[in-house]
Amino acid sequence: MFRGKQSQTNQADDPASRDAKVNELRAALGPLSGRSLKFCTDACLRRYLEARNWNLDKAKKMLKETLKWRSTYKPEEIRWHEVAHEGETGKVSKANFHDRLGRTVLIMRPGRQNTASPEGNIRHLVYLMENAILNLPEGEEQMSWLIDFNGWSLNTNISIKTARDIIYILQNHYPERLALVVLYSPPRFFEAFWKVVKYFIDAKTSEKIKFVYPNNKDSMELMKTFFNTENLPSEFGGKATLNYDHEEFSRLMALEDVTTAKFWGFDNVASHNNDDVHSKATVMLAPMSVASARN
């Protein structure tokens with residue numbers, strides 16, 4: 001998704017060289033076990049190499065920093081009931097439709113910002129990133145983001161520092177996870193915020209960020225190349241209706257937390273020292289939603 005800044009010369013242009021680089025990186029990492037071993041798939045190693053222009057030493061350093069971050073931050077252990085309050089307004093949610101390539105779509109509505117907690121906002125987004133990744137189709141490593149600026153103002157915006165911290169985590173610990181970001185109908189005064197934030201985003205990622213305006217024919221044609229308008233919510237120029245039901249989304253996330261726990265090889269009980277986390281989550285979260293786009 002995001003990448004750090006680097007030189008433009010690619011050091012491994014053919015498939016055989018890239019396969020060799022992946023093997024070299026695996027050897028350079030040394031023995032891995034547990035979640036680190038599960039995390040470091042060949043596809044994962046390729047993303048880190050791509051993010052560092054196939055420079056082995058830089059990719060190794062980047063990946064080791066991620067493994068260290070994951071060992072302390074433990075993003076795979078975040079559960080919905082821990083961040084559900086951040087999602088009450090539907091400011092970030094996983095869509096129940098995909099882009100034309102079958103990739104997971106995250107919908108973001110910054111105008112619905114409901115808390116002032118930098119860490120809360122970050123953990124909520126990290127949780128949804130981890131969930132979106134596990135819901136990607138087999139063989140796909142990237143996702144799409146749709147950002148709706150309806151209702152956005154400087155009063156509802158996160159701080160520059162929080163935006164910078166989020167970009168740092170995404171760029172350094174979720175490299176090459178982004179296929180497309182649509183900034184849909186941002187107001188003119190967003191430009192001031194963007195001028196500051198884009199400084200922290202590298203050139204390759206910037207190329208994936210598309211400004212789309214509903215009164216611009218070319219913009220809307222661009223949307224059609226990435227999304228089926230029958231599934232796309234009207235907020236993004238489609239024909240479907242976007243309804244965020246917090247109760248329904250929370251029930252879905254409680255169930256997916258169980259799937260996440262199984263994927264990483266632990267259960268909710270063990271990871272939270274709670275004898276009834278799953279049933280508790282199901283009950284606690286029963287009050288909460290999918291960004292459901294229905295015709």
# chains A, B, ... in the order shown; residues from 1 in each chain; ligands from 1
call {"tool": "select_by_dssp", "arguments": {"residues": "range 124-295 of chain A", "states": "alpha helix (DSSP H)", "output": "ChimeraX atom specification"}}
result
/A:124-134,160-173,190-197,203-207,217-226,246-264,268-272,277-285
call {"tool": "residues_around", "arguments": {"residues": "His124 in chain A", "least_positions_apart": "3", "cutoff": "6 Å", "atoms": "only C-alpha atoms", "output": "CSV table (one decimal) with C-alpha atoms, in the first residue's frame"}}
result
chain,number,residue,atom,x,y,z
A,83,VAL,CA,-12.5,0.0,19.0
A,121,ASN,CA,-8.4,6.6,15.6
A,127,TYR,CA,-8.0,-3.1,13.1
call {"tool": "residues_around", "arguments": {"residues": "Ala59 in chain A", "least_positions_apart": "2", "cutoff": "12 Å", "atoms": "only C-alpha atoms", "output": "count of residues only"}}
result
33
call {"tool": "closest_atom_pairs", "arguments": {"of": "range 76-123 of chain A", "to": "range 154-163 of chain A", "cutoff": "6 Å", "atoms": "only C-alpha atoms", "output": "Markdown table"}}
result
| residue | atom | partner | partner_atom | distance |
| --- | --- | --- | --- | --- |
| A:Gly111 | CA | A:Thr156 | CA | 5.9 |
| A:Gln113 | CA | A:Thr156 | CA | 5.6 |
| A:Pro118 | CA | A:Thr162 | CA | 5.7 |
call {"tool": "residues_around", "arguments": {"residues": "range 178-190 of chain A", "least_positions_apart": "6", "cutoff": "7 Å", "atoms": "only C-alpha atoms", "output": "list of chain:residue names"}}
result
A:Met1, A:Phe2, A:Gln142, A:Met143, A:Ser144, A:Trp145, A:Leu146, A:Ile147, A:Asp148, A:Phe149, A:Lys208, A:Ile209, A:Lys210, A:Phe211, A:Val212, A:Tyr213, A:Pro214, A:Phe236
call {"tool": "closest_residue", "arguments": {"among": "A:Arg18, A:Arg164, A:Lys224, A:Lys38", "to": "Val196 in chain A", "atoms": "only C-alpha atoms"}}
result
A:Arg164
call {"tool": "select_by_dssp", "arguments": {"residues": "range 10-220 of chain A", "states": "strand (DSSP E)", "output": "number ranges by chain"}}
result
A: 92-94, 105-108, 143-148, 178-184, 209-212
call {"tool": "write_last_selection", "arguments": {"atoms": "C-alpha atoms", "output": "compact mmCIF listing (two decimals), in the first residue's frame"}}
result
# COMPACT_ATOMS: atom_id res chain seq x y z
CA VAL A 92 -14.48 3.98 8.56
CA SER A 93 -16.04 0.67 7.61
CA LYS A 94 -15.60 -2.27 5.29
CA VAL A 105 -13.04 -1.82 -0.20
CA LEU A 106 -12.79 0.41 2.86
CA ILE A 107 -15.18 3.35 3.01
CA MET A 108 -14.07 6.42 4.92
CA MET A 143 -7.29 -3.07 -1.37
CA SER A 144 -9.19 0.05 -2.45
CA TRP A 145 -10.30 3.02 -0.37
CA LEU A 146 -13.29 5.28 -1.02
CA ILE A 147 -13.25 8.55 0.92
CA ASP A 148 -16.47 10.57 0.98
CA LEU A 178 -3.00 0.15 -1.56
CA ALA A 179 -4.35 -0.25 -5.08
CA LEU A 180 -6.49 2.88 -5.22
CA VAL A 181 -7.67 5.77 -3.03
CA VAL A 182 -10.60 7.85 -4.25
CA LEU A 183 -10.97 11.28 -2.68
CA TYR A 184 -14.58 11.96 -3.63
CA ILE A 209 -4.72 8.77 -5.07
CA LYS A 210 -7.47 10.05 -7.37
CA PHE A 211 -9.48 13.23 -6.87
CA VAL A 212 -12.98 12.60 -8.18
call {"tool": "residues_around", "arguments": {"residues": "Gly90 in chain A", "least_positions_apart": "4", "cutoff": "12 Å", "atoms": "only C-alpha atoms", "output": "PyMOL selection string"}}
result
chain A and resi 84-86+94-95+106-114+124-125+128+147-148+242-250+288-292
call {"tool": "write_last_selection", "arguments": {"atoms": "N, CA, C and O atoms", "output": "CSV table (one decimal), in the first residue's frame"}}
result
chain,number,residue,atom,x,y,z
A,84,ALA,N,-14.9,-0.4,18.9
A,84,ALA,CA,-16.3,-0.2,18.4
A,84,ALA,C,-16.8,1.2,18.6
A,84,ALA,O,-17.5,1.7,17.7
A,85,HIS,N,-16.4,1.8,19.7
A,85,HIS,CA,-16.9,3.2,20.0
A,85,HIS,C,-16.4,4.2,18.9
A,85,HIS,O,-17.0,5.2,18.6
A,86,GLU,N,-15.2,3.9,18.3
A,86,GLU,CA,-14.6,4.7,17.3
A,86,GLU,C,-15.5,4.6,16.0
A,86,GLU,O,-15.5,5.5,15.1
A,94,LYS,N,-15.8,-1.4,6.4
A,94,LYS,CA,-15.6,-2.3,5.3
A,94,LYS,C,-16.9,-2.4,4.5
A,94,LYS,O,-18.0,-2.6,5.0
A,95,ALA,N,-16.8,-2.1,3.2
A,95,ALA,CA,-18.0,-2.2,2.3
A,95,ALA,C,-18.4,-3.6,2.1
A,95,ALA,O,-17.6,-4.5,2.2
A,106,LEU,N,-12.5,-0.3,1.6
A,106,LEU,CA,-12.8,0.4,2.9
A,106,LEU,C,-13.4,1.7,2.5
A,106,LEU,O,-13.0,2.4,1.6
A,107,ILE,N,-14.5,2.1,3.2
A,107,ILE,CA,-15.2,3.3,3.0
A,107,ILE,C,-14.9,4.3,4.2
A,107,ILE,O,-15.0,3.9,5.4
A,108,MET,N,-14.4,5.5,3.9
A,108,MET,CA,-14.1,6.4,4.9
A,108,MET,C,-14.9,7.7,4.7
A,108,MET,O,-15.0,8.2,3.6
A,109,ARG,N,-15.5,8.2,5.9
A,109,ARG,CA,-16.3,9.4,5.8
A,109,ARG,C,-15.8,10.3,6.9
A,109,ARG,O,-16.3,10.3,8.0
A,110,PRO,N,-14.7,11.1,6.6
A,110,PRO,CA,-14.1,11.9,7.7
A,110,PRO,C,-15.1,13.0,8.2
A,110,PRO,O,-14.8,13.5,9.3
A,111,GLY,N,-16.2,13.2,7.5
A,111,GLY,CA,-17.2,14.2,8.1
A,111,GLY,C,-17.9,13.6,9.3
A,111,GLY,O,-18.6,14.3,10.0
A,112,ARG,N,-17.7,12.3,9.5
A,112,ARG,CA,-18.4,11.6,10.6
A,112,ARG,C,-17.4,11.4,11.8
A,112,ARG,O,-17.7,10.5,12.7
A,113,GLN,N,-16.3,12.1,11.8
A,113,GLN,CA,-15.4,12.0,12.9
A,113,GLN,C,-16.1,12.2,14.2
A,113,GLN,O,-16.8,13.2,14.4
A,114,ASN,N,-15.9,11.3,15.2
A,114,ASN,CA,-16.7,11.3,16.4
A,114,ASN,C,-15.8,11.3,17.7
A,114,ASN,O,-16.4,11.4,18.8
A,124,HIS,N,-8.4,1.9,15.6
A,124,HIS,CA,-9.6,1.6,14.8
A,124,HIS,C,-9.2,1.3,13.3
A,124,HIS,O,-9.7,0.3,12.7
A,125,LEU,N,-8.4,2.2,12.7
A,125,LEU,CA,-8.0,2.0,11.4
A,125,LEU,C,-7.1,0.7,11.2
A,125,LEU,O,-7.3,0.0,10.2
A,128,LEU,N,-9.3,-2.3,11.1
A,128,LEU,CA,-10.0,-2.5,9.9
A,128,LEU,C,-9.0,-2.9,8.7
A,128,LEU,O,-9.4,-3.6,7.8
A,147,ILE,N,-13.1,7.5,-0.1
A,147,ILE,CA,-13.2,8.5,0.9
A,147,ILE,C,-14.3,9.6,0.5
A,147,ILE,O,-14.1,10.3,-0.5
A,148,ASP,N,-15.4,9.7,1.3
A,148,ASP,CA,-16.5,10.6,1.0
A,148,ASP,C,-16.3,11.8,1.9
A,148,ASP,O,-16.3,11.7,3.1
A,242,LEU,N,-26.1,3.5,0.5
A,242,LEU,CA,-25.2,3.2,1.5
A,242,LEU,C,-25.8,3.4,2.9
A,242,LEU,O,-26.2,4.5,3.2
A,243,ASN,N,-25.9,2.3,3.6
A,243,ASN,CA,-26.5,2.4,5.0
A,243,ASN,C,-25.5,1.8,6.0
A,243,ASN,O,-25.1,0.6,5.8
A,244,TYR,N,-25.1,2.6,6.9
A,244,TYR,CA,-24.2,2.0,8.0
A,244,TYR,C,-25.0,1.7,9.2
A,244,TYR,O,-25.6,2.6,9.8
A,245,ASP,N,-25.1,0.4,9.5
A,245,ASP,CA,-25.9,0.0,10.7
A,245,ASP,C,-24.9,-0.5,11.7
A,245,ASP,O,-24.3,-1.6,11.5
A,246,HIS,N,-24.7,0.2,12.7
A,246,HIS,CA,-23.6,-0.1,13.7
A,246,HIS,C,-23.8,-1.5,14.4
A,246,HIS,O,-22.9,-2.2,14.6
A,247,GLU,N,-25.1,-1.8,14.6
A,247,GLU,CA,-25.4,-3.1,15.3
A,247,GLU,C,-25.0,-4.2,14.3
A,247,GLU,O,-24.3,-5.2,14.7
A,248,GLU,N,-25.4,-4.1,13.1
A,248,GLU,CA,-25.1,-5.2,12.1
A,248,GLU,C,-23.6,-5.3,11.9
A,248,GLU,O,-23.1,-6.4,11.8
A,249,PHE,N,-23.0,-4.2,11.7
A,249,PHE,CA,-21.5,-4.2,11.5
A,249,PHE,C,-20.8,-4.8,12.7
A,249,PHE,O,-19.8,-5.6,12.5
A,250,SER,N,-21.2,-4.6,13.9
A,250,SER,CA,-20.6,-5.1,15.0
A,250,SER,C,-20.8,-6.6,15.2
A,250,SER,O,-19.9,-7.3,15.6
A,288,MET,N,-24.4,-2.9,17.3
A,288,MET,CA,-23.6,-2.0,16.5
A,288,MET,C,-23.5,-2.3,15.0
A,288,MET,O,-24.1,-3.1,14.5
A,289,SER,N,-21.7,-2.1,12.4
A,289,SER,CA,-22.4,-2.3,11.1
A,289,SER,C,-21.6,-2.3,9.8
A,289,SER,O,-20.5,-2.0,9.9
A,290,VAL,N,-22.3,-3.0,8.9
A,290,VAL,CA,-21.6,-3.0,7.6
A,290,VAL,C,-22.0,-1.8,6.8
A,290,VAL,O,-23.1,-1.4,6.8
A,291,ALA,N,-21.0,-1.3,6.1
A,291,ALA,CA,-21.3,-0.2,5.1
A,291,ALA,C,-22.1,-1.0,4.1
A,291,ALA,O,-21.5,-1.5,3.2
A,292,SER,N,-23.4,-1.1,4.3
A,292,SER,CA,-24.1,-1.9,3.3
A,292,SER,C,-24.6,-1.1,2.2
A,292,SER,O,-25.3,-0.1,2.4
